[in-house]
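Undergrad: Structure supplied as model-v6.txt; contents: compact mmCIF, C-alpha atoms.
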# COMPACT_ATOMS: atom_id res chain seq x y z
CA MET A 1 60.79 -36.38 -37.80
CA ASN A 2 58.20 -34.12 -39.34
CA GLY A 3 55.54 -36.80 -38.94
CA ASP A 4 56.07 -37.19 -35.21
CA VAL A 5 53.19 -36.12 -32.91
CA GLU A 6 54.01 -34.91 -29.42
CA LEU A 7 51.61 -36.14 -26.78
CA THR A 8 51.26 -34.38 -23.43
CA VAL A 9 49.73 -36.30 -20.58
CA SER A 10 48.55 -34.45 -17.49
CA VAL A 11 49.08 -36.36 -14.31
CA GLY A 12 47.34 -35.67 -11.02
CA GLN A 13 44.49 -33.47 -12.40
CA ARG A 14 41.21 -35.19 -11.69
CA GLU A 15 37.64 -33.97 -12.00
CA PRO A 16 36.15 -32.93 -8.64
CA SER A 17 33.81 -35.50 -7.19
CA PRO A 18 30.04 -34.89 -7.34
CA PHE A 19 29.95 -34.84 -3.55
CA ARG A 20 32.50 -32.03 -3.41
CA MET A 21 30.61 -30.00 -6.02
CA ILE A 22 27.32 -30.42 -4.15
CA ALA A 23 28.97 -29.46 -0.86
CA THR A 24 30.49 -26.34 -2.42
CA LEU A 25 27.18 -25.27 -3.91
CA GLY A 26 25.44 -25.95 -0.60
CA ILE A 27 27.88 -23.78 1.34
CA ALA A 28 27.57 -20.98 -1.22
CA ALA A 29 23.77 -21.12 -1.01
CA MET A 30 23.88 -21.09 2.79
CA LEU A 31 26.19 -18.07 2.86
CA SER A 32 24.00 -16.24 0.32
CA GLY A 33 20.91 -16.95 2.40
CA LEU A 34 22.66 -15.72 5.53
CA VAL A 35 23.65 -12.47 3.82
CA LEU A 36 20.12 -11.91 2.53
CA ALA A 37 18.60 -12.62 5.93
CA THR A 38 21.01 -10.21 7.59
CA VAL A 39 20.26 -7.47 5.07
CA PHE A 40 16.53 -8.04 5.54
CA GLN A 41 16.80 -7.79 9.33
CA VAL A 42 18.81 -4.58 9.08
CA THR A 43 16.64 -2.86 6.47
CA LYS A 44 13.16 -4.02 7.59
CA PRO A 45 12.87 -1.52 10.50
CA LEU A 46 13.84 1.30 8.13
CA ILE A 47 11.33 0.15 5.52
CA ASP A 48 8.58 -0.18 8.14
CA ALA A 49 9.39 3.27 9.52
CA ASN A 50 9.20 4.81 6.03
CA LYS A 51 5.85 3.10 5.40
CA ALA A 52 4.49 4.32 8.72
CA ARG A 53 5.62 7.88 7.98
CA GLU A 54 4.08 7.75 4.50
CA LEU A 55 0.82 6.44 5.95
CA ARG A 56 0.74 9.14 8.62
CA LEU A 57 1.30 11.92 6.08
CA GLY A 58 -1.29 10.29 3.83
CA VAL A 59 -3.89 10.39 6.61
CA PHE A 60 -3.34 14.11 7.11
CA ARG A 61 -3.68 14.59 3.35
CA VAL A 62 -6.94 12.69 2.83
CA VAL A 63 -8.64 14.10 5.95
CA PRO A 64 -8.15 17.87 5.55
CA GLY A 65 -7.37 19.76 8.74
CA SER A 66 -6.25 16.69 10.67
CA ALA A 67 -3.21 16.86 12.92
CA GLY A 68 -3.53 13.72 15.05
CA LEU A 69 -4.63 10.16 14.54
CA ARG A 70 -5.41 6.89 16.30
CA LYS A 71 -5.13 3.41 14.83
CA LEU A 72 -7.95 0.92 15.26
CA VAL A 73 -7.72 -2.74 14.32
CA LEU A 74 -10.48 -5.17 13.49
CA ARG A 75 -10.76 -7.84 16.18
CA ASP A 76 -13.66 -10.21 16.82
CA GLY A 77 -15.92 -8.22 14.51
CA GLY A 78 -15.23 -4.87 16.18
CA LEU A 79 -12.66 -2.07 16.15
CA VAL A 80 -10.16 -1.75 18.98
CA ALA A 81 -7.82 1.22 19.43
CA VAL A 82 -4.11 0.32 19.61
CA ALA A 83 -0.84 2.24 19.75
CA GLU A 84 0.31 3.49 16.36
CA ASP A 85 3.65 1.69 16.69
CA GLU A 86 2.05 -1.61 17.70
CA VAL A 87 2.75 -4.28 15.11
CA VAL A 88 -0.52 -5.90 14.08
CA THR A 89 -1.52 -8.28 11.33
CA ALA A 90 -5.23 -7.51 11.54
CA PRO A 91 -6.74 -4.92 9.16
CA ALA A 92 -6.64 -1.37 10.52
CA VAL A 93 -8.18 2.07 9.96
CA HIS A 94 -7.27 5.47 11.39
CA ALA A 95 -9.42 8.02 13.16
CA ALA A 96 -8.26 11.56 12.36
CA TYR A 97 -8.52 14.60 14.66
CA ASP A 98 -7.73 18.29 14.49
CA GLU A 99 -5.33 20.04 16.88
CA SER A 100 -8.05 20.46 19.50
CA GLY A 101 -8.87 16.75 19.46
CA THR A 102 -12.10 17.05 17.50
CA PHE A 103 -12.85 14.03 15.35
CA LEU A 104 -12.81 14.88 11.63
CA GLY A 105 -13.19 11.57 9.85
CA TRP A 106 -11.71 8.21 9.01
CA ALA A 107 -8.73 7.27 6.89
CA ILE A 108 -9.33 3.92 5.24
CA SER A 109 -6.96 1.88 3.11
CA GLY A 110 -7.64 -0.77 0.51
CA ASP A 111 -5.89 -2.54 -2.32
CA GLY A 112 -6.66 -4.42 -5.48
CA PRO A 113 -5.41 -5.22 -8.98
CA GLY A 114 -4.74 -2.38 -11.39
CA PHE A 115 -3.61 -2.54 -15.01
CA GLN A 116 -0.05 -3.60 -14.12
CA ASP A 117 0.00 -4.68 -10.51
CA THR A 118 -1.62 -4.16 -7.13
CA ILE A 119 -2.66 -0.61 -6.24
CA GLU A 120 -2.79 0.47 -2.59
CA VAL A 121 -5.21 3.32 -1.92
CA LEU A 122 -5.74 5.47 1.16
CA TYR A 123 -8.82 7.69 1.32
CA GLY A 124 -10.62 9.87 3.81
CA TYR A 125 -14.25 9.39 4.77
CA ASP A 126 -16.58 11.79 6.57
CA PRO A 127 -19.41 9.84 8.24
CA GLN A 128 -21.46 13.01 8.72
CA THR A 129 -21.71 13.82 5.02
CA ARG A 130 -21.06 10.24 3.83
CA ARG A 131 -18.48 11.51 1.39
CA VAL A 132 -14.90 10.70 0.50
CA THR A 133 -12.74 13.66 1.52
CA GLY A 134 -9.49 12.83 -0.30
CA MET A 135 -7.51 10.09 -1.99
CA HIS A 136 -3.83 9.17 -1.81
CA ILE A 137 -1.99 6.34 -3.58
CA LEU A 138 0.26 4.47 -1.16
CA ALA A 139 1.74 2.09 -3.76
CA SER A 140 1.38 1.65 -7.51
CA ARG A 141 3.30 0.23 -10.46
CA GLU A 142 0.97 1.48 -13.14
CA THR A 143 2.33 2.43 -16.56
CA PRO A 144 4.53 5.56 -16.41
CA GLY A 145 2.94 8.45 -18.28
CA LEU A 146 -0.51 6.86 -18.24
CA GLY A 147 -1.54 4.77 -15.26
CA ASP A 148 0.65 6.72 -12.87
CA LYS A 149 -1.64 9.70 -13.45
CA ILE A 150 -3.90 8.25 -10.75
CA TYR A 151 -1.61 10.11 -8.34
CA LYS A 152 0.16 12.59 -10.63
CA ASP A 153 -2.91 14.07 -12.34
CA GLU A 154 -4.22 16.76 -9.97
CA ALA A 155 -7.55 16.93 -11.76
CA PHE A 156 -8.14 13.21 -11.23
CA VAL A 157 -7.12 13.35 -7.57
CA ALA A 158 -9.44 16.35 -7.10
CA ASN A 159 -12.38 14.10 -8.04
CA PHE A 160 -12.12 12.63 -4.55
CA GLY A 161 -12.25 15.91 -2.63
CA ALA A 162 -15.97 15.72 -1.79
CA LEU A 163 -17.12 12.53 -3.46
CA ALA A 164 -20.51 11.02 -2.59
CA ILE A 165 -20.42 7.27 -1.96
CA GLU A 166 -24.12 6.60 -2.58
CA PRO A 167 -25.46 4.63 -4.26
CA SER A 168 -21.84 3.81 -5.19
CA ILE A 169 -18.93 5.62 -6.79
CA VAL A 170 -18.88 5.30 -10.59
CA VAL A 171 -16.39 6.18 -13.33
CA VAL A 172 -17.50 8.31 -16.29
CA LYS A 173 -15.65 9.40 -19.41
CA ASP A 174 -17.51 12.54 -20.39
CA GLY A 175 -17.14 14.72 -17.31
CA ARG A 176 -18.83 14.67 -13.93
CA ASP A 177 -22.53 15.39 -13.65
CA GLU A 178 -23.32 13.78 -10.31
CA GLY A 179 -21.67 13.92 -6.90
CA ASN A 180 -20.77 10.23 -6.94
CA GLU A 181 -18.97 10.31 -10.31
CA VAL A 182 -15.25 10.24 -11.05
CA ASP A 183 -13.98 11.48 -14.41
CA ALA A 184 -11.65 8.84 -15.85
CA ILE A 185 -8.14 9.66 -17.01
CA THR A 186 -7.86 9.62 -20.79
CA GLY A 187 -5.78 6.60 -21.80
CA ALA A 188 -5.85 5.14 -18.29
CA THR A 189 -9.46 4.10 -17.84
CA ILE A 190 -8.54 0.73 -16.32
CA SER A 191 -6.36 2.35 -13.64
CA SER A 192 -9.09 4.91 -12.93
CA GLN A 193 -11.68 2.17 -12.56
CA ALA A 194 -9.33 0.20 -10.32
CA VAL A 195 -9.05 3.07 -7.83
CA VAL A 196 -12.83 3.47 -7.69
CA ARG A 197 -13.39 -0.28 -7.36
CA ILE A 198 -10.93 -0.46 -4.46
CA ILE A 199 -12.71 2.36 -2.62
CA ASN A 200 -16.15 0.84 -3.19
CA GLU A 201 -14.95 -2.53 -1.90
CA ALA A 202 -13.29 -0.93 1.12
CA ASN A 203 -16.49 0.97 1.89
CA ALA A 204 -18.48 -2.25 1.80
CA ARG A 205 -16.02 -3.82 4.21
CA TRP A 206 -15.39 -1.01 6.67
CA LEU A 207 -18.43 1.25 6.86
CA PRO A 208 -20.64 -1.36 8.61
CA VAL A 209 -18.08 -1.76 11.43
CA LEU A 210 -17.08 1.88 11.98
CA PRO A 211 -18.23 2.96 15.45
CA ALA A 212 -20.85 5.66 15.73
CA GLU A 213 -18.71 7.25 18.45
CA PRO A 214 -15.00 7.29 17.54
CA PRO A 215 -12.47 6.86 20.36
CA PRO A 216 -11.43 10.06 22.12
CA PHE A 217 -8.18 11.64 21.05
CA THR A 218 -5.39 10.84 23.48
CA GLY A 219 -3.49 14.05 22.87
CA GLU A 220 -0.79 12.23 20.93
CA SER A 221 -0.11 12.53 17.25
CA ASP A 222 0.76 8.83 17.25
Could I get this file's structure written as structure tokens?

TA:
Amino acid sequence: MNGDVELTVSVGQREPSPFRMIATLGIAAMLSGLVLATVFQVTKPLIDANKARELRLGVFRVVPGSAGLRKLVLRDGGLVAVAEDEVVTAPAVHAAYDESGTFLGWAISGDGPGFQDTIEVLYGYDPQTRRVTGMHILASRETPGLGDKIYKDEAFVANFGALAIEPSIVVVKDGRDEGNEVDAITGATISSQAVVRIINEANARWLPVLPAEPPPFTGESD
């Protein structure tokens, strides 16, 4: 008959129990965590090695003429020399030397908030002249085309070639007149100020603990 309605009844198809669903999700999460942990363990040494290489090259860039370095860590209020490949959690600085082993200056790192995210700065410091000798950005996520000029703009980076630290480093917008001034990047004043602030704060932290006599060069480029 045209008015008949055919009914289909499925037999044996039941909804999975909540326990089974939770167990399945738990196993999936455990496997995902295991994969992530394995990937992290495999890639971490490579990442650390790349960071160490970038830091080493950065030291040679911010302390002109340097060819060797030694790492010193802050322990019990003083600096102690350690092997470059020693894994430490304490803050560290690097003493830089030329090929003959003559001490040239310090490479100091610092970090702080920029316009977008944290900026990591490495800079050279000459204790004889009390001047910054160079600046290198280790990490930055500043706005492409603007904030990233803190490491792409050669004129801005050149500000730090022989920069006086006293009474403190300041940012100006109309060109440098004094030895302690940094000319801000047009359109990226906040990023420019962030770099200067990080260096000033690092100076306040590190300069009082830097030894008057740096450790002798061991003959290794570490």

Undergrad: Which residues, written as JSON, numbers by chain, have at least one atom at most 12 Å from Val80 of chain A, with only C-alpha atoms counted and residues fewer than 5 positions away on the same chain left out?

TA: {"A": [70, 71, 72, 73, 74, 75, 88, 90, 91, 92, 93, 94, 95, 209, 210, 211, 214, 215]}

Undergrad: Pick from A:Ile108, A:Val87, A:Ala139, A:Ile165: nearest to Glu54 of chain A, with all atoms listed in the file counted?

TA: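 The answer is A:Ala139, which sits nearest to Glu54 of chain A.
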
Undergrad: Using all atoms listed in the file, find the one residue out of A:Arg53, A:Arg20, A:Arg61, A:Arg197 that sits nearest to Val182 of chain A.

TA: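 Once distances to Val182 of chain A are computed over all atoms listed in the file, the minimum belongs to A:Arg197.
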
Undergrad: Which residue, A:Ala28, A:Leu34, A:Leu55, A:Val63, has the smallest gap to Glu120 of chain A when you use only C-alpha atoms?

TA: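 Closest to Glu120 of chain A of all the choices is A:Leu55.
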
Undergrad: Need the shell around Gly68 of chain A: protein/DNA/RNA residues with any atom at most 12 Å away, counting all atoms listed in the file. Skip same-chain ones fewer than 3 positions apart. Format as an MDAnalysis selection string?

TA: chainID A and resid 56:61 63:65 71 84 94:107 216:222

Undergrad: Around all the atoms of segment 50-61 of chain A listed in the file, with 5 Å of room on each side, what axis-aligned box do you get, giving centre and edge lengths in Å to one decimal, as AutoDock Vina command-line options?

TA:
--center_x 2.7 --center_y 8.8 --center_z 6.0 --size_x 23.1 --size_y 21.5 --size_z 15.4

Undergrad: Just how far from atom CA of Ile198 of chain A is atom CA of Ile119 of chain A, in Å to one decimal?

TA: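 Taking atom CA of Ile119 of chain A as the start and atom CA of Ile198 of chain A as the end point, the length is 8.5 Å.
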
Undergrad: Find the distance between atom CA of Gln116 of chain A and atom CA of Ser191 of chain A and write it in Å to one decimal.

TA: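 Value for the atom CA of Gln116 of chain A-atom CA of Ser191 of chain A distance: 8.7 Å.
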
Undergrad: Write out as number ranges by chain each polymer residue whose atoms come within 12 Å of Asn203 of chain A, counting only C-alpha atoms; drop sequence neighbours fewer than 4 positions from it.

TA: A: 93, 106-111, 122-127, 130-132, 164-169, 196-199, 207-210

Undergrad: Using Å and a single decimal, report how far atom CA of Ile137 of chain A sits from atom CA of Lys149 of chain A.

TA: 10.4 Å

Undergrad: With N, CA and C atoms as the target, complete segment 69-104 of chain A and hand it back as a JSON list (two decimals), keeping the file's coordinate frame.

TA:
[["chain", "number", "residue", "atom", "x", "y", "z"],
["A", 69, "LEU", "N", -3.93, 11.35, 14.99],
["A", 69, "LEU", "CA", -4.63, 10.16, 14.54],
["A", 69, "LEU", "C", -4.54, 9.05, 15.58],
["A", 70, "ARG", "N", -5.44, 8.10, 15.48],
["A", 70, "ARG", "CA", -5.41, 6.89, 16.30],
["A", 70, "ARG", "C", -5.68, 5.70, 15.40],
["A", 71, "LYS", "N", -4.96, 4.62, 15.64],
["A", 71, "LYS", "CA", -5.13, 3.41, 14.83],
["A", 71, "LYS", "C", -6.09, 2.46, 15.53],
["A", 72, "LEU", "N", -7.00, 1.91, 14.75],
["A", 72, "LEU", "CA", -7.95, 0.92, 15.26],
["A", 72, "LEU", "C", -7.86, -0.33, 14.40],
["A", 73, "VAL", "N", -7.83, -1.47, 15.05],
["A", 73, "VAL", "CA", -7.72, -2.74, 14.32],
["A", 73, "VAL", "C", -9.00, -3.53, 14.48],
["A", 74, "LEU", "N", -9.27, -4.35, 13.50],
["A", 74, "LEU", "CA", -10.48, -5.17, 13.49],
["A", 74, "LEU", "C", -10.21, -6.47, 14.24],
["A", 75, "ARG", "N", -10.91, -6.64, 15.37],
["A", 75, "ARG", "CA", -10.76, -7.84, 16.18],
["A", 75, "ARG", "C", -12.13, -8.33, 16.63],
["A", 76, "ASP", "N", -12.40, -9.60, 16.39],
["A", 76, "ASP", "CA", -13.66, -10.21, 16.82],
["A", 76, "ASP", "C", -14.88, -9.42, 16.34],
["A", 77, "GLY", "N", -14.79, -8.91, 15.11],
["A", 77, "GLY", "CA", -15.92, -8.22, 14.51],
["A", 77, "GLY", "C", -16.07, -6.77, 14.92],
["A", 78, "GLY", "N", -15.15, -6.25, 15.76],
["A", 78, "GLY", "CA", -15.23, -4.87, 16.18],
["A", 78, "GLY", "C", -13.89, -4.18, 16.08],
["A", 79, "LEU", "N", -13.89, -2.86, 16.23],
["A", 79, "LEU", "CA", -12.66, -2.07, 16.15],
["A", 79, "LEU", "C", -12.13, -1.77, 17.54],
["A", 80, "VAL", "N", -10.83, -1.98, 17.71],
["A", 80, "VAL", "CA", -10.16, -1.75, 18.98],
["A", 80, "VAL", "C", -9.00, -0.80, 18.75],
["A", 81, "ALA", "N", -8.90, 0.26, 19.56],
["A", 81, "ALA", "CA", -7.82, 1.22, 19.43],
["A", 81, "ALA", "C", -6.52, 0.62, 19.96],
["A", 82, "VAL", "N", -5.43, 0.80, 19.21],
["A", 82, "VAL", "CA", -4.11, 0.32, 19.61],
["A", 82, "VAL", "C", -3.10, 1.43, 19.39],
["A", 83, "ALA", "N", -1.91, 1.27, 19.95],
["A", 83, "ALA", "CA", -0.84, 2.24, 19.75],
["A", 83, "ALA", "C", -0.41, 2.22, 18.29],
["A", 84, "GLU", "N", -0.05, 3.39, 17.77],
["A", 84, "GLU", "CA", 0.31, 3.49, 16.36],
["A", 84, "GLU", "C", 1.52, 2.62, 16.02],
["A", 85, "ASP", "N", 2.45, 2.47, 16.97],
["A", 85, "ASP", "CA", 3.65, 1.69, 16.69],
["A", 85, "ASP", "C", 3.48, 0.21, 17.00],
["A", 86, "GLU", "N", 2.29, -0.19, 17.43],
["A", 86, "GLU", "CA", 2.05, -1.61, 17.70],
["A", 86, "GLU", "C", 1.98, -2.38, 16.39],
["A", 87, "VAL", "N", 2.73, -3.46, 16.32],
["A", 87, "VAL", "CA", 2.75, -4.28, 15.11],
["A", 87, "VAL", "C", 1.54, -5.21, 15.14],
["A", 88, "VAL", "N", 0.69, -5.07, 14.15],
["A", 88, "VAL", "CA", -0.52, -5.90, 14.08],
["A", 88, "VAL", "C", -0.64, -6.49, 12.68],
["A", 89, "THR", "N", -1.27, -7.64, 12.63],
["A", 89, "THR", "CA", -1.52, -8.28, 11.33],
["A", 89, "THR", "C", -2.97, -8.11, 10.91],
["A", 90, "ALA", "N", -3.82, -7.71, 11.85],
["A", 90, "ALA", "CA", -5.23, -7.51, 11.54],
["A", 90, "ALA", "C", -5.41, -6.22, 10.73],
["A", 91, "PRO", "N", -6.46, -6.14, 9.90],
["A", 91, "PRO", "CA", -6.74, -4.92, 9.16],
["A", 91, "PRO", "C", -6.96, -3.74, 10.10],
["A", 92, "ALA", "N", -6.55, -2.54, 9.65],
["A", 92, "ALA", "CA", -6.64, -1.37, 10.52],
["A", 92, "ALA", "C", -7.17, -0.16, 9.75],
["A", 93, "VAL", "N", -7.78, 0.76, 10.48],
["A", 93, "VAL", "CA", -8.18, 2.07, 9.96],
["A", 93, "VAL", "C", -7.66, 3.12, 10.94],
["A", 94, "HIS", "N", -7.74, 4.39, 10.52],
["A", 94, "HIS", "CA", -7.27, 5.47, 11.39],
["A", 94, "HIS", "C", -8.37, 6.51, 11.59],
["A", 95, "ALA", "N", -8.55, 6.89, 12.85],
["A", 95, "ALA", "CA", -9.42, 8.02, 13.16],
["A", 95, "ALA", "C", -8.56, 9.26, 13.15],
["A", 96, "ALA", "N", -9.04, 10.33, 12.50],
["A", 96, "ALA", "CA", -8.26, 11.56, 12.36],
["A", 96, "ALA", "C", -8.90, 12.69, 13.15],
["A", 97, "TYR", "N", -8.05, 13.53, 13.79],
["A", 97, "TYR", "CA", -8.52, 14.60, 14.66],
["A", 97, "TYR", "C", -7.77, 15.90, 14.33],
["A", 98, "ASP", "N", -8.42, 17.02, 14.65],
["A", 98, "ASP", "CA", -7.73, 18.29, 14.49],
["A", 98, "ASP", "C", -6.88, 18.57, 15.72],
["A", 99, "GLU", "N", -6.25, 19.72, 15.79],
["A", 99, "GLU", "CA", -5.33, 20.04, 16.88],
["A", 99, "GLU", "C", -6.02, 20.11, 18.24],
["A", 100, "SER", "N", -7.32, 20.38, 18.24],
["A", 100, "SER", "CA", -8.05, 20.46, 19.50],
["A", 100, "SER", "C", -8.59, 19.10, 19.94],
["A", 101, "GLY", "N", -8.38, 18.08, 19.12],
["A", 101, "GLY", "CA", -8.87, 16.75, 19.46],
["A", 101, "GLY", "C", -10.25, 16.43, 18.93],
["A", 102, "THR", "N", -10.79, 17.30, 18.10],
["A", 102, "THR", "CA", -12.10, 17.05, 17.50],
["A", 102, "THR", "C", -11.99, 16.04, 16.37],
["A", 103, "PHE", "N", -12.86, 15.05, 16.40],
["A", 103, "PHE", "CA", -12.85, 14.03, 15.35],
["A", 103, "PHE", "C", -13.28, 14.62, 14.02],
["A", 104, "LEU", "N", -12.51, 14.33, 12.96],
["A", 104, "LEU", "CA", -12.81, 14.88, 11.63],
["A", 104, "LEU", "C", -13.27, 13.82, 10.64]]
